[in-house]
Amino acid sequence: KSIRGAVGNAFFTYAPNKPVSIDWTFTGAWVTPTDVAIVTPTYPTRLPIRASLASLTIGSNTPFFSQMTMDLGNVITPRLSISATGGIHSYIITDRNITGTLDPESKLVATAPIYTDWYNSVERALTLTVVDSADEVQWAAPQLQITNAQEGDRSGLLIDTITYQLNRASNNDELTIAF
């Protein structure tokens with residue numbers, strides 16, 4: 001089965017020494033099935049890129065974390081058409097609200113003013129770089145804003161359990177992904 005005019009959302013999960021996980025959800029207009037030959041797959045020969053050689057900075061802070069998530073938060077809207085099969089021409093992204101979670105080890109307030117930033121709605125630049133032997137992927141956001149911060153515990157280690165959103169900058173970019 002296939003669809004056309006498809007758009008979707010992505011949910012990223014980053015954890016030390018594990019492949020970066022991306023959960024995709026796509027929506028598209030129905031295409032009437034036809035008989036075709038079975039596809040012969042080409043299997044990848046390289047392993048997925050792992051978050052083992054990753055670096056994360058938020059402002060000037062480089063936190064140690066066990067897991068980070070990022071949800072693109074795309075709003076998917078159908079483009080209705082009476083002349084299209086099934087009444088839908090395609091789908092488009094009409095809005096986006098990028099959010100996520102992070103669980104860094106707690107640091108001194110002078111080093112990582114997480115609660116002050118949360119209280120004062122401070123925005124800081126985020127850069128997450130994941131590197132393996134031959135490839136590099138970088139997620140960059142000019143304005144990360146903490147939306148909630150709570151104390152937590154990871155096997156006796158004090159952590160900060162953070163939720164955040166990425167806000168649009170003056171050039172209308174809230175996130176860039178570079179390969």
# chains A, B, ... in the order shown; residues from 1 in each chain; ligands from 1
$ residues_around --residues "stretch 46-50 of chain A" --least-positions-apart "3" --cutoff "9 Å" --atoms "only C-alpha atoms" --output "PyMOL selection string"
chain A and resi 14-20+53-54+130-132+135-137
$ residues_around --residues "stretch 147-162 of chain A" --least-positions-apart "5" --cutoff "10 Å" --atoms "only C-alpha atoms" --output "list in words"
Phe64, Phe65, Ser66, Met68, Thr99, Gly100, Thr101, Leu102, Asp103, Pro104, Glu105, Ser106, Lys107, Ile114, Tyr115, Thr116, Asp117, Trp118, Tyr119 and Ser121 of chain A
$ closest_residue --among "A:Asn172, A:Gln143, A:Ser81, A:Asn61" --to "A:Ala112" --atoms "only C-alpha atoms"
A:Asn61
$ closest_residue --among "A:Thr111, A:Thr69, A:Thr27, A:Thr45" --to "A:Gly8" --atoms "only C-alpha atoms"
A:Thr27
$ closest_residue --among "A:Ser90, A:Thr77, A:Asn9, A:Thr57" --to "A:Leu144" --atoms "only C-alpha atoms"
A:Thr57
$ closest_residue --among "A:Tyr43, A:Phe11, A:Phe26, A:Trp139" --to "A:Ile93" --atoms "only C-alpha atoms"
A:Phe26
$ atom_distance --atom1 "atom CA of A:Ala125" --atom2 "atom CA of A:Ile76"
27.2 Å
